[in-house]
>>> print(open('my_file-v5.cif').read())   # mmCIF, N, CA and C atoms
data_target
loop_
_atom_site.label_atom_id
_atom_site.label_comp_id
_atom_site.auth_asym_id
_atom_site.auth_seq_id
_atom_site.Cartn_x
_atom_site.Cartn_y
_atom_site.Cartn_z
N MET A 1 118.04 108.73 -11.34
CA MET A 1 119.26 109.46 -11.07
C MET A 1 120.38 108.49 -10.67
N ARG A 2 120.03 107.53 -9.82
CA ARG A 2 121.03 106.57 -9.37
C ARG A 2 121.51 105.70 -10.53
N LEU A 3 120.60 105.33 -11.38
CA LEU A 3 120.95 104.52 -12.54
C LEU A 3 121.90 105.29 -13.44
N MET A 4 121.70 106.58 -13.57
CA MET A 4 122.55 107.43 -14.40
C MET A 4 123.96 107.49 -13.83
N LYS A 5 124.06 107.60 -12.50
CA LYS A 5 125.38 107.63 -11.86
C LYS A 5 126.11 106.30 -12.08
N LEU A 6 125.37 105.22 -11.95
CA LEU A 6 125.99 103.90 -12.16
C LEU A 6 126.46 103.75 -13.61
N ALA A 7 125.65 104.26 -14.53
CA ALA A 7 126.02 104.17 -15.94
C ALA A 7 127.27 104.99 -16.21
N LEU A 8 127.35 106.19 -15.63
CA LEU A 8 128.54 107.04 -15.80
C LEU A 8 129.77 106.39 -15.18
N LEU A 9 129.59 105.80 -14.01
CA LEU A 9 130.70 105.12 -13.35
C LEU A 9 131.18 103.94 -14.19
N ALA A 10 130.24 103.17 -14.73
CA ALA A 10 130.61 102.03 -15.57
C ALA A 10 131.35 102.50 -16.82
N ALA A 11 130.89 103.59 -17.41
CA ALA A 11 131.54 104.13 -18.60
C ALA A 11 132.95 104.61 -18.27
N ALA A 12 133.09 105.28 -17.12
CA ALA A 12 134.40 105.78 -16.70
C ALA A 12 135.36 104.61 -16.45
N LEU A 13 134.87 103.56 -15.83
CA LEU A 13 135.72 102.39 -15.58
C LEU A 13 136.12 101.71 -16.89
N ALA A 14 135.18 101.64 -17.82
CA ALA A 14 135.49 101.03 -19.11
C ALA A 14 136.55 101.84 -19.84
N LEU A 15 136.45 103.16 -19.81
CA LEU A 15 137.45 104.00 -20.45
C LEU A 15 138.81 103.85 -19.79
N ALA A 16 138.82 103.82 -18.46
CA ALA A 16 140.08 103.67 -17.74
C ALA A 16 140.72 102.32 -18.06
N ALA A 17 139.93 101.29 -18.14
CA ALA A 17 140.46 99.97 -18.46
C ALA A 17 140.99 99.95 -19.89
N GLY A 18 140.30 100.61 -20.78
CA GLY A 18 140.75 100.69 -22.17
C GLY A 18 142.07 101.40 -22.29
N CYS A 19 142.27 102.45 -21.52
CA CYS A 19 143.54 103.16 -21.54
C CYS A 19 144.67 102.27 -21.05
N GLY A 20 144.40 101.47 -20.06
CA GLY A 20 145.41 100.55 -19.55
C GLY A 20 145.82 99.53 -20.58
N VAL A 21 144.86 99.03 -21.32
CA VAL A 21 145.16 98.05 -22.36
C VAL A 21 145.99 98.71 -23.45
N GLU A 22 145.62 99.92 -23.81
CA GLU A 22 146.38 100.63 -24.85
C GLU A 22 147.80 100.89 -24.38
N THR A 23 147.96 101.29 -23.14
CA THR A 23 149.29 101.54 -22.59
C THR A 23 150.12 100.26 -22.59
N ALA A 24 149.52 99.16 -22.21
CA ALA A 24 150.23 97.88 -22.19
C ALA A 24 150.63 97.48 -23.61
N GLY A 25 149.73 97.70 -24.56
CA GLY A 25 150.05 97.38 -25.95
C GLY A 25 151.18 98.24 -26.48
N THR A 26 151.16 99.51 -26.13
CA THR A 26 152.22 100.42 -26.55
C THR A 26 153.55 100.01 -25.94
N ALA A 27 153.53 99.63 -24.68
CA ALA A 27 154.75 99.20 -24.01
C ALA A 27 155.31 97.93 -24.66
N ALA A 28 154.42 97.02 -25.00
CA ALA A 28 154.87 95.78 -25.65
C ALA A 28 155.47 96.06 -27.02
N THR A 29 154.85 96.97 -27.75
CA THR A 29 155.38 97.34 -29.07
C THR A 29 156.74 98.00 -28.92
N SER A 30 156.87 98.90 -27.97
CA SER A 30 158.15 99.57 -27.73
C SER A 30 159.23 98.56 -27.35
N ALA A 31 158.88 97.62 -26.52
CA ALA A 31 159.84 96.60 -26.11
C ALA A 31 160.28 95.75 -27.30
N ALA A 32 159.34 95.42 -28.16
CA ALA A 32 159.69 94.62 -29.35
C ALA A 32 160.61 95.40 -30.27
N LEU A 33 160.35 96.68 -30.43
CA LEU A 33 161.22 97.52 -31.27
C LEU A 33 162.62 97.63 -30.67
N LYS A 34 162.69 97.81 -29.37
CA LYS A 34 164.00 97.90 -28.70
C LYS A 34 164.77 96.59 -28.87
N LYS A 35 164.07 95.46 -28.74
CA LYS A 35 164.73 94.17 -28.91
C LYS A 35 165.30 94.05 -30.32
N GLN A 36 164.51 94.49 -31.29
CA GLN A 36 164.97 94.44 -32.68
C GLN A 36 166.19 95.34 -32.88
N GLU A 37 166.17 96.53 -32.28
CA GLU A 37 167.31 97.44 -32.38
C GLU A 37 168.56 96.83 -31.76
N ILE A 38 168.39 96.17 -30.64
CA ILE A 38 169.53 95.53 -29.97
C ILE A 38 170.09 94.41 -30.84
N GLU A 39 169.22 93.60 -31.43
CA GLU A 39 169.68 92.52 -32.31
C GLU A 39 170.43 93.08 -33.52
N GLN A 40 169.91 94.17 -34.08
CA GLN A 40 170.60 94.79 -35.22
C GLN A 40 171.96 95.33 -34.79
N GLY A 41 172.01 95.92 -33.61
CA GLY A 41 173.28 96.42 -33.09
C GLY A 41 174.29 95.30 -32.88
N LYS A 42 173.82 94.18 -32.36
CA LYS A 42 174.71 93.02 -32.16
C LYS A 42 175.24 92.52 -33.50
N ASN A 43 174.36 92.47 -34.50
CA ASN A 43 174.80 92.02 -35.83
C ASN A 43 175.83 92.98 -36.41
N THR A 44 175.59 94.26 -36.27
CA THR A 44 176.54 95.26 -36.77
C THR A 44 177.88 95.12 -36.06
N MET A 45 177.85 94.93 -34.76
CA MET A 45 179.08 94.79 -33.98
C MET A 45 179.83 93.52 -34.41
N ARG A 46 179.10 92.42 -34.63
CA ARG A 46 179.73 91.17 -35.06
C ARG A 46 180.38 91.35 -36.43
N GLN A 47 179.68 92.02 -37.34
CA GLN A 47 180.24 92.24 -38.67
C GLN A 47 181.49 93.13 -38.60
N ALA A 48 181.44 94.15 -37.76
CA ALA A 48 182.60 95.03 -37.62
C ALA A 48 183.79 94.25 -37.05
N GLN A 49 183.53 93.39 -36.07
CA GLN A 49 184.60 92.59 -35.47
C GLN A 49 185.21 91.66 -36.51
N GLU A 50 184.37 91.07 -37.36
CA GLU A 50 184.88 90.18 -38.42
C GLU A 50 185.76 90.96 -39.39
N LYS A 51 185.36 92.19 -39.73
CA LYS A 51 186.16 93.01 -40.65
C LYS A 51 187.48 93.40 -40.01
N ILE A 52 187.47 93.70 -38.72
CA ILE A 52 188.70 94.05 -38.00
C ILE A 52 189.65 92.86 -37.98
N GLU A 53 189.11 91.68 -37.70
CA GLU A 53 189.95 90.48 -37.67
C GLU A 53 190.55 90.20 -39.04
N ALA A 54 189.75 90.37 -40.10
CA ALA A 54 190.27 90.16 -41.45
C ALA A 54 191.36 91.17 -41.78
N ALA A 55 191.17 92.42 -41.38
CA ALA A 55 192.19 93.45 -41.63
C ALA A 55 193.46 93.14 -40.85
N ASN A 56 193.32 92.66 -39.62
CA ASN A 56 194.50 92.29 -38.82
C ASN A 56 195.27 91.15 -39.48
N LYS A 57 194.55 90.18 -40.03
CA LYS A 57 195.22 89.07 -40.72
C LYS A 57 195.98 89.57 -41.95
N GLN A 58 195.38 90.53 -42.66
CA GLN A 58 196.06 91.09 -43.83
C GLN A 58 197.33 91.83 -43.43
N VAL A 59 197.26 92.57 -42.33
CA VAL A 59 198.43 93.30 -41.84
C VAL A 59 199.52 92.32 -41.43
N GLU A 60 199.13 91.27 -40.70
CA GLU A 60 200.12 90.27 -40.28
C GLU A 60 200.76 89.59 -41.48
N ALA A 61 199.96 89.29 -42.49
CA ALA A 61 200.51 88.66 -43.70
C ALA A 61 201.46 89.60 -44.42
N ALA A 62 201.11 90.88 -44.49
CA ALA A 62 201.98 91.86 -45.14
C ALA A 62 203.28 92.02 -44.35
N GLN A 63 203.20 92.01 -43.03
CA GLN A 63 204.40 92.11 -42.21
C GLN A 63 205.29 90.89 -42.40
N ALA A 64 204.67 89.72 -42.49
CA ALA A 64 205.44 88.49 -42.70
C ALA A 64 206.13 88.53 -44.05
N ARG A 65 205.42 89.01 -45.08
CA ARG A 65 206.04 89.11 -46.41
C ARG A 65 207.19 90.11 -46.39
N ALA A 66 206.99 91.23 -45.70
CA ALA A 66 208.04 92.25 -45.62
C ALA A 66 209.25 91.71 -44.88
N ALA A 67 209.02 90.97 -43.82
CA ALA A 67 210.13 90.39 -43.06
C ALA A 67 210.87 89.35 -43.90
N ALA A 68 210.11 88.55 -44.67
CA ALA A 68 210.73 87.55 -45.53
C ALA A 68 211.53 88.23 -46.64
N ALA A 69 211.00 89.31 -47.18
CA ALA A 69 211.71 90.03 -48.24
C ALA A 69 212.98 90.67 -47.70
N ALA A 70 212.92 91.19 -46.48
CA ALA A 70 214.10 91.80 -45.88
C ALA A 70 215.15 90.74 -45.61
N THR A 71 214.75 89.57 -45.19
CA THR A 71 215.67 88.47 -44.93
C THR A 71 216.31 88.01 -46.24
N ASP A 72 215.51 87.92 -47.28
CA ASP A 72 216.03 87.47 -48.60
C ASP A 72 217.00 88.50 -49.16
N SER A 73 216.76 89.78 -48.95
CA SER A 73 217.65 90.81 -49.50
C SER A 73 218.96 90.90 -48.72
N ASP A 74 218.98 90.42 -47.50
CA ASP A 74 220.19 90.42 -46.69
C ASP A 74 221.14 89.32 -47.13
N LYS A 75 220.69 88.34 -47.87
CA LYS A 75 221.53 87.18 -48.26
C LYS A 75 222.43 87.49 -49.40
#
>>> encode(input="my_file-v5.cif", output="structure tokens")
Amino acid sequence: MRLMKLALLAAALALAAGCGVETAGTAATSAALKKQEIEQGKNTMRQAQEKIEAANKQVEAAQARAAAAATDSDK
């Protein structure tokens, strides 16, 4: 009877330890996915910023051309 209790206790401890390992593995996987999502978000933000800067340069160039054209037409 005592041996049976010890065997059940050992089995219960093994199961509990296994659950902990699974939980840790799941947490590590979730963390890796979150890190990847953050990196993708940073890349998207960087690309958007580059597009905004390029659009601003185009607007500035168009304004400069318009100002030059207005100056030339005043002569």
>>> atom_distance(input="my_file-v5.cif", atom1="CA of Glu39 in chain A", atom2="atom N of Ala54 in chain A")
21.6 Å
>>> axis_aligned_box(input="my_file-v5.cif", around="range 66-72 of chain A", padding_each_side="6 Å", output="JSON")
{"center_x": 212.0, "center_y": 89.9, "center_z": -46.1, "size_x": 22.0, "size_y": 16.8, "size_z": 18.1}
>>> atom_distance(input="my_file-v5.cif", atom1="CA of Ala12 in chain A", atom2="CA of Ala24 in chain A")
18.5 Å
>>> atom_distance(input="my_file-v5.cif", atom1="CA of Lys42 in chain A", atom2="atom N of Ala27 in chain A")
23.4 Å
